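Right, one structure below, let's go through it.
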Amino acid sequence: MAQIIDVDGDAAGAAAEGPSGGGAGGADERVAARSPLRQALGRPELGALIGAIALFVFFSLTADAFLRTSSFATVLYSSSTFGIMAVAVALLMIGGEFDLSAGVMVTSASLVAALVSYQLTLNLWVGVAISLVVTLGIGFLNGLLYVKTGLPSFIITLGTFFMLRGLNLGVTKATTGDVATNSVADMDGFEQAKTVFAAQPEIFGVNIYITVFWWLAFIVVATWLLLRTRVGNWIFAVGGAASSARAVGVPVTRTKIGLFMGVAFAAWFSGMHLLFAFPSVQSGEGVGNEFGYIICAVIGGCLLTGGYGSAIGAAIGAFIYGMANKGIVYAGWNPDWFYFFLGVLLLIATIVNLVVRRRAETAT
Amino acid sequence: MTDDVDATAPLIKLTDVGKRYGNVIALRGVSLSVAGGEVTCVLGDNGAGKSTLIKIVSGVHRPDEGSFEVGGEPVSFASPRDALSRGIATVYQDLAVVPLMPVWRNFFLGSERRRGFGRIDVGFMRRTTKSELLEMGIDLRDVDQPIGTLSGGERQCVAIARAVYFGAKVLILDEPTAALGVKQAGVVLRYIVQARERGLGVIFITHNPHHAYPVGDRFLILNRGRSVGYHDKRDITRDQLTALMAGGTELEQLAHELETVSAGAARELTEEAKDLGVTPTDD
Ligand SMILES: Nc1ncnc2c1ncn2[C@@H]1O[C@H](COP(=O)(O)OP(=O)(O)OP(=O)(O)O)[C@@H](O)[C@H]1O
Ligand SMILES: [Mg+2]
């Protein structure tokens with residue numbers, strides 16, 4: 001035992017007993033060596049939180065309109081539409097994989113619901129259900145292709161990205177003769193489904209899209225899943241060291257497929273919002289958004305190599321994304337600058353992640 | 001073989017097992033028996049068949065020849081999970097942990113303790129990790145630290161403690177000390193002894209007779225897939241073990257081969273081979 005205990009452990013511990021308090025029952029006196037600051041630096045969300053505050057202050061000072069409640073509602077809405085996807089994409093990235101098809105999959109989901117309901121004149125809820133099955137099927141296929149071929153998920157989902165992109169346009173044109181679907185606004189079930197996916201309840205005098213609350217629900221569920229369930233343990237493990245995980249009995253294949261299906265579920269949900277907020281779907285939409293989700297997750301502290309990150313971080317990342325996206329407009333700048341801004345944010349975030357990770361690994 | 005071991009049914013008994021990879025004969029006619037509270041060291045040079053042997057015991061491979069009994073009962077494992085369910089746990093050098101995950105999550109990975117609704121019992125797992133490691137003599141500062149921040153030896157010990165906690169009766173360690181410094185290797189050796197004291201049967205694979213001799217009760221020496229010695233500790237001295245390991249005959253053979261290239265080098269090697277019978281060499 002003497003070999004691994006610091007010789008002066010007891011003396012140092014006695015002096016530093018105070019700050020180490022708050023730990024669970026058997027707190028070790030040497031825990032004090034790890035300061036609260038160090039511990040905070042080990043959190044994946046830290047960099048994103050600092051960035052979000054800085055950006056908020058920046059736009060508050062430069063854009064007068066930014067601090068109005070209505071503007072804030074718009075920022076939150078923009079954040080939520082990206083945030084719902086970013087949370088699912090973050091889980092997938094913690095599990096060590098990418099999904100480049102996520103952006104167009106959202107469009108596919110709303111197209112399936114719109115086309116099926118309209119062409120067969122079904123209640124929209126039937127279309128919504130069929131869309132759920134089809135979209136989860138796409139996610140399952142992504143996962144299955146990945147585990148069967150062992151190819152990088154980057155390549156697999158790049159393939160499905162192009163396939164879906166082509167299908168979205170091709171099938172829509174073939175059935176409607178146009179790049180957009182016919183409006184489903186007067187069909188059975190529309191109003192009902194709209195209250196679920198695209199309601200705008202009034203809160204504090206402003207209308208806030210219901211997606212903001214769904215987004216919060218996604219964050220809570222994902223965080224609980226990651227930190228308090230067995231599946232969460234498995235997600236970190238398959239992303240961190242898949243072969244180790246397999247050796248101790250973690251079902252790696254099932255976990256990975258489940259994560260791809262999680263992204264598909266979020267894509268279905270986002271697709272339903274699109275459909276019931278804007279009843280005619282543009283079949284070419286969604287391209288490029290997949291990178292937006294990944295950027296949100298990375299800004300939020302997810303490592304590109306997997307095994308590290310958090311759902312809350314990804315949500316903060318999405319909030320940064322939303323603030324930058326709308327803040328530039330409120331500041332009166334040309335919206336094209338948004339992409340430049342995004343690139344800068346991504347680079348800064350990646351560097352911060354690197355530092356945070358190094359700290360985490362040498363935290364004692 | 002000693003009498004007291006044969007009296008109790010051995011945990012593991014291999015009789016004349018052989019294993020072929022295509023036309024490569026990796027293992028031939030090897031016998032081994034492991035009892036509880038006993039450390040069996042498997043020694044041998046690179047490619048001697050050590051890993052092949054333990055892969056048979058841990059359920060990765062099935063033997064092509066010979067018999068394999070667990071607790072006196074013939075078995076044929078289809079996967080490592082079968083071996084695990086029989087209480088045979090394997091700790092690999094690198095395959096043991098997920099570096100970025102906290103120690104306690106690693107400890108329970110794959111066997112998480114649950115409280116219904118898929119919830120895991122975080123408090124229980126933290127406490128248990130802390131106390132189990134303490135019992136093995138590892139006093140961790142913080143079970144929440146990423147396991148990657150532990151030293152190689154401590155990490156190895158967490159993997160051992162984990163196997164012991166989850167009811168392993170036989171613990172297989174494939175070169176656990178290979179990448180470790182002197183002090184860290186000492187720590188691991190101490191846990192091997194502790195596992196033995198808890199009544200586990202331990203199979204300890206190593207290149208290093210200096211690591212094997214102090215903790216081992218029996219020594220199986222492999223060379224080119226064959227057993228070249230299976231000794232009780234009382235029947236063999238450290239020096240003899242070292243000599244067997246280094247393979248005096250091998251060196252002589254090499255000397256012959258080298259003779260055509262360089263006579264000087266060959267002479268040196270022949271000398272060394274002779275010396276080996278008496279004096280140990282460091283590796
Ligand atoms: N999967 C395999 N396919 C073909 N040959 C193999 C395979 N695994 C091992 N071998 C061969 O079988 C022999 C024994 O290998 P093994 O891995 O058991 O040796 P080892 O004693 O563990 O060596 P080391 O000390 O280097 O780990 C070697 O000649 C090796 O090349
Ligand atoms: Mg080996």
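Residue numbering restarts at 1 in every chain; chains get A, B, ... in the order shown in the structure tokens, and ligands count up from 1 in that same order.
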Long-range neighbours of Pro335 in chain A as a PyMOL selection string, 9 Å cut-off, only C-alpha atoms, 6 positions minimum in chain: chain A and resi 325-326+328-329
Emit the selected residues as a short mmCIF file (atom, residue, chain, number, x, y, z; two decimals), in the first residue's frame, including all heavy atoms.
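In the end it all went to result.cif:
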data_model
loop_
_atom_site.label_atom_id
_atom_site.label_comp_id
_atom_site.auth_asym_id
_atom_site.auth_seq_id
_atom_site.Cartn_x
_atom_site.Cartn_y
_atom_site.Cartn_z
N ASN A 325 -26.59 32.93 -35.63
CA ASN A 325 -27.43 32.96 -36.81
C ASN A 325 -28.33 34.20 -36.83
O ASN A 325 -28.40 34.93 -37.81
CB ASN A 325 -28.27 31.67 -36.81
CG ASN A 325 -28.88 31.40 -38.16
OD1 ASN A 325 -28.87 32.26 -39.03
ND2 ASN A 325 -29.42 30.21 -38.34
N LYS A 326 -29.03 34.44 -35.71
CA LYS A 326 -29.99 35.56 -35.67
C LYS A 326 -29.32 36.86 -35.25
O LYS A 326 -29.72 37.94 -35.70
CB LYS A 326 -31.13 35.23 -34.70
CG LYS A 326 -31.96 34.01 -35.10
CD LYS A 326 -32.64 34.22 -36.44
CE LYS A 326 -33.24 32.91 -36.94
NZ LYS A 326 -33.50 32.94 -38.40
N ILE A 328 -26.51 38.10 -36.00
CA ILE A 328 -25.91 38.80 -37.14
C ILE A 328 -26.96 39.61 -37.87
O ILE A 328 -26.73 40.74 -38.30
CB ILE A 328 -25.22 37.76 -38.06
CG1 ILE A 328 -23.89 37.35 -37.42
CG2 ILE A 328 -24.99 38.32 -39.45
CD1 ILE A 328 -23.17 36.24 -38.14
N VAL A 329 -28.17 39.04 -37.97
CA VAL A 329 -29.26 39.76 -38.62
C VAL A 329 -29.65 40.98 -37.78
O VAL A 329 -29.81 42.09 -38.31
CB VAL A 329 -30.48 38.83 -38.81
CG1 VAL A 329 -31.64 39.61 -39.42
CG2 VAL A 329 -30.10 37.64 -39.67
#
How would you write, as number ranges by chain, the set of residues no farther than 6 Å from ligand 1 when counting only C-alpha atoms and all ligand atoms? B: 21, 26, 45-52
Would you kindly return, as a ChimeraX atom specification, each protein, DNA or RNA residue with an atom no farther than 9 Å from any atom of Ala168 in chain B, considering only C-alpha atoms and excluding same-chain residues fewer than 5 positions away? /B:84-89,162-163,200-201
Please, could you write that set of residues out with N, CA, C and O atoms as a PDB file, in the first residue's frame?
ATOM      1  N   LEU B  84     -16.696 -16.797 -19.157  1.00  0.00           N
ATOM      2  CA  LEU B  84     -17.020 -15.865 -18.074  1.00  0.00           C
ATOM      3  C   LEU B  84     -18.100 -16.432 -17.163  1.00  0.00           C
ATOM      4  O   LEU B  84     -18.017 -16.336 -15.938  1.00  0.00           O
ATOM      5  N   SER B  85     -19.115 -17.051 -17.757  1.00  0.00           N
ATOM      6  CA  SER B  85     -20.210 -17.571 -16.944  1.00  0.00           C
ATOM      7  C   SER B  85     -19.737 -18.755 -16.099  1.00  0.00           C
ATOM      8  O   SER B  85     -20.380 -19.103 -15.121  1.00  0.00           O
ATOM      9  N   ARG B  86     -18.608 -19.365 -16.469  1.00  0.00           N
ATOM     10  CA  ARG B  86     -18.026 -20.421 -15.645  1.00  0.00           C
ATOM     11  C   ARG B  86     -17.016 -19.849 -14.650  1.00  0.00           C
ATOM     12  O   ARG B  86     -16.293 -20.586 -13.998  1.00  0.00           O
ATOM     13  N   GLY B  87     -16.946 -18.521 -14.589  1.00  0.00           N
ATOM     14  CA  GLY B  87     -16.047 -17.903 -13.626  1.00  0.00           C
ATOM     15  C   GLY B  87     -14.610 -17.784 -14.094  1.00  0.00           C
ATOM     16  O   GLY B  87     -13.694 -17.617 -13.293  1.00  0.00           O
ATOM     17  N   ILE B  88     -14.410 -17.860 -15.422  1.00  0.00           N
ATOM     18  CA  ILE B  88     -13.051 -17.700 -15.944  1.00  0.00           C
ATOM     19  C   ILE B  88     -12.933 -16.305 -16.553  1.00  0.00           C
ATOM     20  O   ILE B  88     -13.550 -16.004 -17.574  1.00  0.00           O
ATOM     21  N   ALA B  89     -12.180 -15.439 -15.906  1.00  0.00           N
ATOM     22  CA  ALA B  89     -12.061 -14.056 -16.363  1.00  0.00           C
ATOM     23  C   ALA B  89     -10.652 -13.802 -16.872  1.00  0.00           C
ATOM     24  O   ALA B  89      -9.677 -14.266 -16.296  1.00  0.00           O
ATOM     25  N   ARG B 162     -11.849  -5.924 -10.561  1.00  0.00           N
ATOM     26  CA  ARG B 162     -13.146  -6.077 -11.215  1.00  0.00           C
ATOM     27  C   ARG B 162     -13.456  -7.556 -11.455  1.00  0.00           C
ATOM     28  O   ARG B 162     -14.547  -8.028 -11.138  1.00  0.00           O
ATOM     29  N   ALA B 163     -12.479  -8.275 -11.984  1.00  0.00           N
ATOM     30  CA  ALA B 163     -12.691  -9.705 -12.245  1.00  0.00           C
ATOM     31  C   ALA B 163     -12.976 -10.455 -10.949  1.00  0.00           C
ATOM     32  O   ALA B 163     -13.861 -11.310 -10.890  1.00  0.00           O
ATOM     33  N   LEU B 200      -8.573 -17.695  -5.453  1.00  0.00           N
ATOM     34  CA  LEU B 200      -8.704 -17.813  -6.903  1.00  0.00           C
ATOM     35  C   LEU B 200      -7.572 -18.648  -7.482  1.00  0.00           C
ATOM     36  O   LEU B 200      -6.474 -18.695  -6.932  1.00  0.00           O
ATOM     37  N   GLY B 201      -7.863 -19.283  -8.602  1.00  0.00           N
ATOM     38  CA  GLY B 201      -6.805 -19.895  -9.380  1.00  0.00           C
ATOM     39  C   GLY B 201      -6.313 -18.858 -10.369  1.00  0.00           C
ATOM     40  O   GLY B 201      -7.103 -18.237 -11.051  1.00  0.00           O
TER      41      GLY B 201
END
What residues in chain B have any atom no more than 6 Å from chain A when counting only C-alpha atoms, and can you write them as a PyMOL selection string? chain B and resi 95-98+110+118-120+137+141+149
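For Ile130 in chain A, the residues within 10 Å (counting only C-alpha atoms, excluding itself and residues fewer than 2 positions away along the chain) are A:Ala109, A:Val112, A:Ala113, A:Val116, A:Ser117, A:Leu124, A:Trp125, A:Val126, A:Gly127, A:Val128, A:Leu132, A:Val133, A:Val134, A:Thr135, A:Leu136.
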Next, write the just-selected residues to a file, as a JSON list (two decimals), in the first residue's frame, keeping all heavy atoms as the atom set.
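Resulting contents of again-v2.json:
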[["chain", "number", "residue", "atom", "x", "y", "z"],
["A", 109, "ALA", "N", -38.14, 12.82, -43.86],
["A", 109, "ALA", "CA", -39.20, 12.49, -42.92],
["A", 109, "ALA", "C", -40.46, 13.29, -43.23],
["A", 109, "ALA", "O", -41.56, 12.73, -43.30],
["A", 109, "ALA", "CB", -38.74, 12.76, -41.49],
["A", 112, "VAL", "N", -42.06, 12.13, -46.62],
["A", 112, "VAL", "CA", -42.79, 10.86, -46.54],
["A", 112, "VAL", "C", -44.18, 11.11, -45.97],
["A", 112, "VAL", "O", -45.19, 10.67, -46.55],
["A", 112, "VAL", "CB", -42.02, 9.83, -45.68],
["A", 112, "VAL", "CG1", -42.91, 8.63, -45.36],
["A", 112, "VAL", "CG2", -40.76, 9.37, -46.39],
["A", 113, "ALA", "N", -44.25, 11.85, -44.86],
["A", 113, "ALA", "CA", -45.55, 12.10, -44.24],
["A", 113, "ALA", "C", -46.46, 12.88, -45.20],
["A", 113, "ALA", "O", -47.65, 12.54, -45.35],
["A", 113, "ALA", "CB", -45.37, 12.87, -42.94],
["A", 116, "VAL", "N", -47.30, 10.63, -48.60],
["A", 116, "VAL", "CA", -48.17, 9.49, -48.33],
["A", 116, "VAL", "C", -49.58, 9.96, -47.99],
["A", 116, "VAL", "O", -50.57, 9.49, -48.57],
["A", 116, "VAL", "CB", -47.59, 8.62, -47.19],
["A", 116, "VAL", "CG1", -48.62, 7.63, -46.67],
["A", 116, "VAL", "CG2", -46.35, 7.88, -47.65],
["A", 117, "SER", "N", -49.69, 10.93, -47.09],
["A", 117, "SER", "CA", -51.02, 11.41, -46.68],
["A", 117, "SER", "C", -51.77, 12.03, -47.86],
["A", 117, "SER", "O", -52.95, 11.78, -48.07],
["A", 117, "SER", "CB", -50.90, 12.46, -45.57],
["A", 117, "SER", "OG", -50.10, 11.98, -44.55],
["A", 124, "LEU", "N", -53.61, 12.70, -41.62],
["A", 124, "LEU", "CA", -52.18, 13.04, -41.53],
["A", 124, "LEU", "C", -51.45, 12.22, -40.47],
["A", 124, "LEU", "O", -50.25, 11.95, -40.61],
["A", 124, "LEU", "CB", -52.01, 14.54, -41.24],
["A", 124, "LEU", "CG", -51.95, 15.42, -42.49],
["A", 124, "LEU", "CD1", -52.06, 16.88, -42.12],
["A", 124, "LEU", "CD2", -50.66, 15.16, -43.26],
["A", 125, "TRP", "N", -52.17, 11.81, -39.44],
["A", 125, "TRP", "CA", -51.52, 11.02, -38.39],
["A", 125, "TRP", "C", -50.99, 9.70, -38.95],
["A", 125, "TRP", "O", -49.97, 9.19, -38.48],
["A", 125, "TRP", "CB", -52.48, 10.74, -37.23],
["A", 125, "TRP", "CG", -52.63, 11.94, -36.33],
["A", 125, "TRP", "CD1", -53.71, 12.76, -36.23],
["A", 125, "TRP", "CD2", -51.65, 12.45, -35.41],
["A", 125, "TRP", "NE1", -53.48, 13.75, -35.32],
["A", 125, "TRP", "CE2", -52.21, 13.59, -34.80],
["A", 125, "TRP", "CE3", -50.35, 12.06, -35.07],
["A", 125, "TRP", "CZ2", -51.53, 14.34, -33.84],
["A", 125, "TRP", "CZ3", -49.68, 12.81, -34.11],
["A", 125, "TRP", "CH2", -50.26, 13.94, -33.52],
["A", 126, "VAL", "N", -51.69, 9.17, -39.95],
["A", 126, "VAL", "CA", -51.21, 7.93, -40.58],
["A", 126, "VAL", "C", -49.88, 8.21, -41.27],
["A", 126, "VAL", "O", -48.91, 7.46, -41.14],
["A", 126, "VAL", "CB", -52.24, 7.38, -41.58],
["A", 126, "VAL", "CG1", -51.71, 6.11, -42.25],
["A", 126, "VAL", "CG2", -53.57, 7.11, -40.90],
["A", 127, "GLY", "N", -49.85, 9.35, -42.00],
["A", 127, "GLY", "CA", -48.60, 9.74, -42.65],
["A", 127, "GLY", "C", -47.49, 9.95, -41.64],
["A", 127, "GLY", "O", -46.34, 9.54, -41.86],
["A", 128, "VAL", "N", -47.83, 10.56, -40.50],
["A", 128, "VAL", "CA", -46.84, 10.80, -39.45],
["A", 128, "VAL", "C", -46.28, 9.46, -38.95],
["A", 128, "VAL", "O", -45.06, 9.31, -38.79],
["A", 128, "VAL", "CB", -47.49, 11.59, -38.28],
["A", 128, "VAL", "CG1", -46.57, 11.60, -37.06],
["A", 128, "VAL", "CG2", -47.79, 13.01, -38.71],
["A", 132, "LEU", "N", -42.50, 7.88, -39.34],
["A", 132, "LEU", "CA", -41.68, 7.43, -38.21],
["A", 132, "LEU", "C", -41.03, 6.09, -38.53],
["A", 132, "LEU", "O", -39.82, 5.90, -38.32],
["A", 132, "LEU", "CB", -42.54, 7.31, -36.94],
["A", 132, "LEU", "CG", -41.81, 6.77, -35.70],
["A", 132, "LEU", "CD1", -40.69, 7.70, -35.28],
["A", 132, "LEU", "CD2", -42.78, 6.56, -34.54],
["A", 133, "VAL", "N", -41.83, 5.17, -39.06],
["A", 133, "VAL", "CA", -41.30, 3.84, -39.38],
["A", 133, "VAL", "C", -40.21, 3.94, -40.45],
["A", 133, "VAL", "O", -39.13, 3.36, -40.30],
["A", 133, "VAL", "CB", -42.44, 2.91, -39.86],
["A", 133, "VAL", "CG1", -41.88, 1.58, -40.34],
["A", 133, "VAL", "CG2", -43.45, 2.69, -38.73],
["A", 134, "VAL", "N", -40.50, 4.72, -41.51],
["A", 134, "VAL", "CA", -39.53, 4.83, -42.60],
["A", 134, "VAL", "C", -38.23, 5.48, -42.11],
["A", 134, "VAL", "O", -37.13, 4.99, -42.38],
["A", 134, "VAL", "CB", -40.13, 5.65, -43.77],
["A", 134, "VAL", "CG1", -39.05, 5.97, -44.81],
["A", 134, "VAL", "CG2", -41.28, 4.90, -44.41],
["A", 135, "THR", "N", -38.35, 6.56, -41.34],
["A", 135, "THR", "CA", -37.15, 7.28, -40.90],
["A", 135, "THR", "C", -36.31, 6.41, -39.95],
["A", 135, "THR", "O", -35.09, 6.35, -40.08],
["A", 135, "THR", "CB", -37.52, 8.60, -40.21],
["A", 135, "THR", "OG1", -38.53, 9.24, -40.98],
["A", 135, "THR", "CG2", -36.33, 9.52, -40.11],
["A", 136, "LEU", "N", -36.99, 5.74, -39.00],
["A", 136, "LEU", "CA", -36.24, 4.84, -38.12],
["A", 136, "LEU", "C", -35.57, 3.75, -38.95],
["A", 136, "LEU", "O", -34.45, 3.32, -38.65],
["A", 136, "LEU", "CB", -37.16, 4.21, -37.07],
["A", 136, "LEU", "CG", -37.61, 5.11, -35.92],
["A", 136, "LEU", "CD1", -38.53, 4.37, -34.98],
["A", 136, "LEU", "CD2", -36.40, 5.64, -35.16]]
Residues at most 8 Å from range 169-178 of chain B, counting only C-alpha atoms, excluding those fewer than 2 positions away in the same chain, as number ranges by chain? B: 11, 36, 51, 54, 58, 87-93, 153, 156, 160, 163-164, 167, 180, 184-185, 188, 199-207
Using only C-alpha atoms, please write the residues we just selected to a file, as a PDB file, in the first residue's frame.
ATOM      1  CA  LEU B  11     -10.638 -25.693 -11.443  1.00  0.00           C
ATOM      2  CA  GLY B  36      -7.916 -22.567  -6.352  1.00  0.00           C
ATOM      3  CA  SER B  51      -1.491 -16.547 -25.823  1.00  0.00           C
ATOM      4  CA  ILE B  54      -4.917 -18.921 -22.645  1.00  0.00           C
ATOM      5  CA  SER B  58     -10.783 -18.110 -21.973  1.00  0.00           C
ATOM      6  CA  GLY B  87     -16.047 -17.903 -13.626  1.00  0.00           C
ATOM      7  CA  ILE B  88     -13.051 -17.700 -15.944  1.00  0.00           C
ATOM      8  CA  ALA B  89     -12.061 -14.056 -16.363  1.00  0.00           C
ATOM      9  CA  THR B  90      -9.268 -12.762 -18.560  1.00  0.00           C
ATOM     10  CA  VAL B  91      -7.432  -9.502 -18.059  1.00  0.00           C
ATOM     11  CA  TYR B  92      -5.610  -8.255 -21.127  1.00  0.00           C
ATOM     12  CA  GLN B  93      -2.914  -5.642 -21.094  1.00  0.00           C
ATOM     13  CA  GLY B 153      -0.117  -0.767 -12.842  1.00  0.00           C
ATOM     14  CA  GLN B 156      -4.178  -3.356 -14.380  1.00  0.00           C
ATOM     15  CA  ILE B 160      -8.036  -7.546 -11.627  1.00  0.00           C
ATOM     16  CA  ALA B 163     -12.691  -9.705 -12.245  1.00  0.00           C
ATOM     17  CA  VAL B 164     -12.429 -10.770  -8.613  1.00  0.00           C
ATOM     18  CA  GLY B 167     -17.047 -13.758  -9.074  1.00  0.00           C
ATOM     19  CA  LEU B 180       5.424  -1.730 -16.475  1.00  0.00           C
ATOM     20  CA  GLN B 184       4.498  -0.850 -10.885  1.00  0.00           C
ATOM     21  CA  ALA B 185       5.200  -4.464 -11.764  1.00  0.00           C
ATOM     22  CA  VAL B 188       0.648  -5.929  -9.866  1.00  0.00           C
ATOM     23  CA  GLY B 199      -8.798 -18.540  -3.174  1.00  0.00           C
ATOM     24  CA  LEU B 200      -8.704 -17.813  -6.903  1.00  0.00           C
ATOM     25  CA  GLY B 201      -6.805 -19.895  -9.380  1.00  0.00           C
ATOM     26  CA  VAL B 202      -4.485 -17.586 -11.283  1.00  0.00           C
ATOM     27  CA  ILE B 203      -2.848 -18.158 -14.651  1.00  0.00           C
ATOM     28  CA  PHE B 204      -0.080 -15.621 -15.059  1.00  0.00           C
ATOM     29  CA  ILE B 205       1.599 -15.263 -18.412  1.00  0.00           C
ATOM     30  CA  THR B 206       4.935 -13.566 -18.617  1.00  0.00           C
ATOM     31  CA  HIS B 207       8.257 -13.355 -20.383  1.00  0.00           C
TER      32      HIS B 207
END
Using only C-alpha atoms, can you tell me which of A:Ala311, A:Ile210, A:Ile155, A:Leu169 comes closest to Thr181 in chain A? A:Leu169
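Across range 104-232 of chain B, DSSP run on the backbone finds strand (DSSP E) at Val170, Leu171, Ile172, Leu173, Asp174, Gly201, Val202, Ile203, Phe204, Ile205, Thr206, Arg218, Phe219, Leu220, Ile221, Leu222, Asn223, Arg226, Ser227, Val228, Gly229, Tyr230, His231 and Asp232 of chain B.
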Please produce a file of those selected residues containing N, CA and C atoms, as a PDB file, in the first residue's frame.
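Wrote it out as selection-v7.pdb, contents follow:
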ATOM      1  N   VAL B 170     -11.303 -18.280 -11.730  1.00  0.00           N
ATOM      2  CA  VAL B 170      -9.998 -18.392 -12.372  1.00  0.00           C
ATOM      3  C   VAL B 170      -9.694 -17.048 -13.034  1.00  0.00           C
ATOM      4  N   LEU B 171      -8.518 -16.558 -12.786  1.00  0.00           N
ATOM      5  CA  LEU B 171      -8.118 -15.262 -13.318  1.00  0.00           C
ATOM      6  C   LEU B 171      -6.942 -15.478 -14.256  1.00  0.00           C
ATOM      7  N   ILE B 172      -7.107 -15.036 -15.500  1.00  0.00           N
ATOM      8  CA  ILE B 172      -6.024 -15.191 -16.461  1.00  0.00           C
ATOM      9  C   ILE B 172      -5.431 -13.823 -16.745  1.00  0.00           C
ATOM     10  N   LEU B 173      -4.145 -13.694 -16.617  1.00  0.00           N
ATOM     11  CA  LEU B 173      -3.482 -12.407 -16.842  1.00  0.00           C
ATOM     12  C   LEU B 173      -2.450 -12.579 -17.947  1.00  0.00           C
ATOM     13  N   ASP B 174      -2.706 -11.934 -19.093  1.00  0.00           N
ATOM     14  CA  ASP B 174      -1.780 -12.063 -20.212  1.00  0.00           C
ATOM     15  C   ASP B 174      -0.761 -10.932 -20.155  1.00  0.00           C
ATOM     16  N   GLY B 201      -7.863 -19.283  -8.602  1.00  0.00           N
ATOM     17  CA  GLY B 201      -6.805 -19.895  -9.380  1.00  0.00           C
ATOM     18  C   GLY B 201      -6.313 -18.858 -10.369  1.00  0.00           C
ATOM     19  N   VAL B 202      -5.015 -18.629 -10.412  1.00  0.00           N
ATOM     20  CA  VAL B 202      -4.485 -17.586 -11.283  1.00  0.00           C
ATOM     21  C   VAL B 202      -3.573 -18.201 -12.339  1.00  0.00           C
ATOM     22  N   ILE B 203      -3.789 -17.796 -13.587  1.00  0.00           N
ATOM     23  CA  ILE B 203      -2.848 -18.158 -14.651  1.00  0.00           C
ATOM     24  C   ILE B 203      -2.153 -16.871 -15.063  1.00  0.00           C
ATOM     25  N   PHE B 204      -0.857 -16.845 -14.885  1.00  0.00           N
ATOM     26  CA  PHE B 204      -0.080 -15.621 -15.059  1.00  0.00           C
ATOM     27  C   PHE B 204       0.914 -15.850 -16.189  1.00  0.00           C
ATOM     28  N   ILE B 205       0.728 -15.092 -17.259  1.00  0.00           N
ATOM     29  CA  ILE B 205       1.599 -15.263 -18.412  1.00  0.00           C
ATOM     30  C   ILE B 205       2.653 -14.173 -18.412  1.00  0.00           C
ATOM     31  N   THR B 206       3.873 -14.569 -18.624  1.00  0.00           N
ATOM     32  CA  THR B 206       4.935 -13.566 -18.617  1.00  0.00           C
ATOM     33  C   THR B 206       6.165 -14.059 -19.370  1.00  0.00           C
ATOM     34  N   ARG B 218       3.437 -22.990  -9.614  1.00  0.00           N
ATOM     35  CA  ARG B 218       3.834 -23.937 -10.645  1.00  0.00           C
ATOM     36  C   ARG B 218       4.256 -23.168 -11.877  1.00  0.00           C
ATOM     37  N   PHE B 219       5.083 -23.787 -12.671  1.00  0.00           N
ATOM     38  CA  PHE B 219       5.599 -23.111 -13.857  1.00  0.00           C
ATOM     39  C   PHE B 219       5.473 -24.017 -15.059  1.00  0.00           C
ATOM     40  N   LEU B 220       4.808 -23.525 -16.073  1.00  0.00           N
ATOM     41  CA  LEU B 220       4.728 -24.248 -17.338  1.00  0.00           C
ATOM     42  C   LEU B 220       5.566 -23.467 -18.333  1.00  0.00           C
ATOM     43  N   ILE B 221       6.576 -24.132 -18.876  1.00  0.00           N
ATOM     44  CA  ILE B 221       7.425 -23.437 -19.838  1.00  0.00           C
ATOM     45  C   ILE B 221       7.133 -23.983 -21.225  1.00  0.00           C
ATOM     46  N   LEU B 222       6.811 -23.078 -22.121  1.00  0.00           N
ATOM     47  CA  LEU B 222       6.488 -23.466 -23.489  1.00  0.00           C
ATOM     48  C   LEU B 222       7.617 -23.046 -24.410  1.00  0.00           C
ATOM     49  N   ASN B 223       7.810 -23.857 -25.455  1.00  0.00           N
ATOM     50  CA  ASN B 223       8.751 -23.486 -26.488  1.00  0.00           C
ATOM     51  C   ASN B 223       8.249 -24.050 -27.802  1.00  0.00           C
ATOM     52  N   ARG B 226       5.334 -26.418 -27.647  1.00  0.00           N
ATOM     53  CA  ARG B 226       5.407 -27.626 -26.835  1.00  0.00           C
ATOM     54  C   ARG B 226       5.785 -27.271 -25.410  1.00  0.00           C
ATOM     55  N   SER B 227       5.355 -28.119 -24.493  1.00  0.00           N
ATOM     56  CA  SER B 227       5.736 -27.932 -23.114  1.00  0.00           C
ATOM     57  C   SER B 227       7.161 -28.443 -22.937  1.00  0.00           C
ATOM     58  N   VAL B 228       8.057 -27.599 -22.422  1.00  0.00           N
ATOM     59  CA  VAL B 228       9.423 -28.059 -22.182  1.00  0.00           C
ATOM     60  C   VAL B 228       9.695 -28.154 -20.693  1.00  0.00           C
ATOM     61  N   GLY B 229       8.640 -28.040 -19.903  1.00  0.00           N
ATOM     62  CA  GLY B 229       8.815 -28.175 -18.465  1.00  0.00           C
ATOM     63  C   GLY B 229       7.548 -27.775 -17.750  1.00  0.00           C
ATOM     64  N   TYR B 230       7.179 -28.574 -16.744  1.00  0.00           N
ATOM     65  CA  TYR B 230       6.018 -28.243 -15.931  1.00  0.00           C
ATOM     66  C   TYR B 230       6.426 -28.576 -14.512  1.00  0.00           C
ATOM     67  N   HIS B 231       6.760 -27.545 -13.736  1.00  0.00           N
ATOM     68  CA  HIS B 231       7.427 -27.784 -12.463  1.00  0.00           C
ATOM     69  C   HIS B 231       6.698 -27.141 -11.300  1.00  0.00           C
ATOM     70  N   ASP B 232       6.779 -27.827 -10.176  1.00  0.00           N
ATOM     71  CA  ASP B 232       6.363 -27.263  -8.911  1.00  0.00           C
ATOM     72  C   ASP B 232       7.463 -26.335  -8.428  1.00  0.00           C
TER      73      ASP B 232
END
